[in-house]
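Reviewing the structure listed below.
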Amino acid sequence: MSSFQALAHIRFLLTRRMKYKVKVGHAGTLDPLATGVLILCTGKATKQIETLQAHTKEYVATLQLGASTASHDMEHPVDEVFSTSQITRERIESVLASFVGESVPQVPPMYSAVCVNGKRAYQLSRKGKDFEIQPKMVRIDEIELLHFDEEMMQMSIRVVCGKGTYIRSLARDIGEQLESGAYLTSLCRTRVGDVSIGNCITLEQFPGWLGRQQIEG
């Protein structure tokens, strides 16, 4: 499910409850294969979206080392494999530390919503067009290695970052710095600003939650 599909579902439920079309917007998309915090604003609160989008975000990601995909996640099949004999926990720790900073250059994924000459990058990629995406500066506050499986060559990291950071691109860049490859096998956004995943309700829980609310039209 995409962020837009989640938003449309909630808007349908709210509109049915309120008996008029409710304005709904989200404060930062999630990739279709990602899970976690998606902040939705309704009515007058949609004016807060731009402010909410600028808030610090936290993610937990699992990376498969030694291979790459076109989208840097599992949306596309593996297109290249690399050696992993040089990868150790100590080297991973050193590489992760090198990505922490206020102005870290990052090239967004070719399969992303970034605009290139008025077109979305993913649209151009799906048509097989050749194009280039310019790097942008992102802010990465923390990267913590949570787990490393040397046999499976998989690692889990926690990332605290600023607006516009692509964790898929970070995975790609980590793989390159390890003189290998890497792509995401899972991604969960665990926090946006002060809103953590523990404060959230699921799409399945929303109808019951909505039914318990006292809402004035």
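Ordering of the structure tokens sets the chain letters (A, B, ...); residue numbers start at 1 within each chain; ligands are numbered from 1 in the order shown.
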
Shell of 8 Å around stretch 78-81 of chain A, only C-alpha atoms, local chain residues under 4 positions omitted, as a list in words: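 Final neighbour list, sorted by chain and number: Gly66, Ala67, Ser68, Thr69, Ala70 and Gly181 of chain A.
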
Take the residues just selected and output them with all heavy atoms as a PDB file, in the first residue's frame.
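What follows is the written file out30.pdb:
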ATOM      1  N   GLY A  66      26.321  -7.373  -0.112  1.00  0.00           N
ATOM      2  CA  GLY A  66      26.861  -8.236  -1.152  1.00  0.00           C
ATOM      3  C   GLY A  66      26.050  -8.292  -2.427  1.00  0.00           C
ATOM      4  O   GLY A  66      26.341  -9.103  -3.307  1.00  0.00           O
ATOM      5  N   ALA A  67      25.038  -7.428  -2.546  1.00  0.00           N
ATOM      6  CA  ALA A  67      24.215  -7.425  -3.760  1.00  0.00           C
ATOM      7  C   ALA A  67      23.542  -6.063  -3.896  1.00  0.00           C
ATOM      8  O   ALA A  67      23.489  -5.279  -2.941  1.00  0.00           O
ATOM      9  CB  ALA A  67      23.168  -8.534  -3.713  1.00  0.00           C
ATOM     10  N   SER A  68      23.012  -5.788  -5.091  1.00  0.00           N
ATOM     11  CA  SER A  68      22.312  -4.527  -5.332  1.00  0.00           C
ATOM     12  C   SER A  68      21.067  -4.778  -6.171  1.00  0.00           C
ATOM     13  O   SER A  68      20.941  -5.813  -6.841  1.00  0.00           O
ATOM     14  CB  SER A  68      23.227  -3.533  -6.054  1.00  0.00           C
ATOM     15  OG  SER A  68      23.590  -4.039  -7.336  1.00  0.00           O
ATOM     16  N   THR A  69      20.141  -3.826  -6.105  1.00  0.00           N
ATOM     17  CA  THR A  69      18.956  -3.846  -6.964  1.00  0.00           C
ATOM     18  C   THR A  69      18.771  -2.450  -7.555  1.00  0.00           C
ATOM     19  O   THR A  69      19.329  -1.472  -7.041  1.00  0.00           O
ATOM     20  CB  THR A  69      17.674  -4.242  -6.188  1.00  0.00           C
ATOM     21  OG1 THR A  69      17.233  -3.128  -5.384  1.00  0.00           O
ATOM     22  CG2 THR A  69      17.911  -5.453  -5.295  1.00  0.00           C
ATOM     23  N   ALA A  70      17.974  -2.335  -8.597  1.00  0.00           N
ATOM     24  CA  ALA A  70      17.787  -1.056  -9.274  1.00  0.00           C
ATOM     25  C   ALA A  70      17.125  -0.013  -8.380  1.00  0.00           C
ATOM     26  O   ALA A  70      17.396   1.186  -8.506  1.00  0.00           O
ATOM     27  CB  ALA A  70      16.945  -1.261 -10.537  1.00  0.00           C
ATOM     28  N   GLY A 181      28.072  -4.219  -2.169  1.00  0.00           N
ATOM     29  CA  GLY A 181      26.757  -3.696  -2.517  1.00  0.00           C
ATOM     30  C   GLY A 181      25.832  -3.883  -1.337  1.00  0.00           C
ATOM     31  O   GLY A 181      26.140  -4.616  -0.389  1.00  0.00           O
TER      32      GLY A 181
END

* Write out as a list in words each polymer residue whose atoms come within 8 Å of A:Leu146, counting only C-alpha atoms; drop sequence neighbours fewer than 5 positions from it. => Met155, Ser156, Ile157 and Arg158 of chain A

Atoms to include: N, CA, C and O atoms. Write the selected residues as a PDB file, in the first residue's frame.
ATOM      1  N   MET A 155      22.560  -6.790   8.040  1.00  0.00           N
ATOM      2  CA  MET A 155      22.758  -5.884   9.165  1.00  0.00           C
ATOM      3  C   MET A 155      21.513  -5.035   9.374  1.00  0.00           C
ATOM      4  O   MET A 155      20.772  -4.745   8.424  1.00  0.00           O
ATOM      5  N   SER A 156      21.269  -4.660  10.615  1.00  0.00           N
ATOM      6  CA  SER A 156      20.161  -3.778  10.954  1.00  0.00           C
ATOM      7  C   SER A 156      20.727  -2.508  11.565  1.00  0.00           C
ATOM      8  O   SER A 156      21.650  -2.567  12.386  1.00  0.00           O
ATOM      9  N   ILE A 157      20.180  -1.368  11.154  1.00  0.00           N
ATOM     10  CA  ILE A 157      20.665  -0.084  11.652  1.00  0.00           C
ATOM     11  C   ILE A 157      19.500   0.794  12.084  1.00  0.00           C
ATOM     12  O   ILE A 157      18.374   0.643  11.613  1.00  0.00           O
ATOM     13  N   ARG A 158      19.802   1.700  12.998  1.00  0.00           N
ATOM     14  CA  ARG A 158      18.848   2.751  13.382  1.00  0.00           C
ATOM     15  C   ARG A 158      19.404   4.072  12.874  1.00  0.00           C
ATOM     16  O   ARG A 158      20.586   4.371  13.107  1.00  0.00           O
TER      17      ARG A 158
END

| query | Which neighbours of A:Tyr59 fall inside 8 Å, counting only C-alpha atoms, when residues of the same chain fewer than 5 positions from it are skipped, and could you give them as a list in words? | reply | Arg158, Val159, Val160, Leu187, Cys188, Arg189, Thr190 and Arg191 of chain A

**Pick from A:Ile133, A:Val100, A:Ile140, A:Leu40, whichever lies nearest to A:Cys115 using only C-alpha atoms** =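 With only C-alpha atoms as the atom set, the closest residue is A:Ile133.
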
From a backbone DSSP assignment, name each residue in stretch 21-125 of chain A labelled strand (DSSP E or B), as a compact mmCIF listing (two decimals) with C-alpha atoms, in the first residue's frame.
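For reference, result.txt as written:
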# COMPACT_ATOMS: atom_id res chain seq x y z
CA VAL A 24 -6.70 15.07 4.44
CA GLY A 25 -2.96 15.31 3.77
CA HIS A 26 0.14 13.44 4.90
CA THR A 35 6.09 0.41 7.37
CA GLY A 36 5.79 2.69 10.37
CA LEU A 40 -2.14 12.33 8.52
CA CYS A 41 -3.61 15.80 9.01
CA THR A 42 -7.26 16.66 8.54
CA LYS A 57 12.73 11.25 11.54
CA GLU A 58 13.95 7.93 12.86
CA TYR A 59 14.11 4.64 10.96
CA VAL A 60 15.09 1.04 11.60
CA ALA A 61 16.35 -0.65 8.43
CA THR A 62 17.65 -4.10 7.52
CA LEU A 63 20.26 -4.32 4.75
CA GLN A 64 21.38 -7.26 2.68
CA LEU A 65 25.06 -6.89 1.91
CA ALA A 67 24.22 -7.42 -3.76
CA SER A 68 22.31 -4.53 -5.33
CA THR A 69 18.96 -3.85 -6.96
CA VAL A 78 19.04 -8.45 -7.55
CA ASP A 79 20.96 -7.15 -10.56
CA GLU A 80 24.55 -7.55 -9.36
CA VAL A 81 26.44 -9.45 -6.66
CA GLY A 101 26.90 15.03 9.49
CA GLU A 102 24.95 18.22 8.83
CA SER A 103 25.60 18.25 5.06
CA VAL A 104 25.95 14.75 3.65
CA PRO A 105 25.78 14.55 -0.18
CA GLN A 106 23.22 11.99 -1.35
CA CYS A 115 11.40 15.55 -10.37
CA VAL A 116 13.77 15.51 -13.34
CA LYS A 119 8.95 14.22 -14.79
CA ARG A 120 9.09 11.87 -11.83

- [ ] Taking the chain letters and numbering used in this document, name the residues of stretch 6-201 of chain A that DSSP puts in helix (DSSP H, G or I), as a ChimeraX atom specification.
- [x] /A:6-18,43-53,89-97,121-126,167-177,197-199
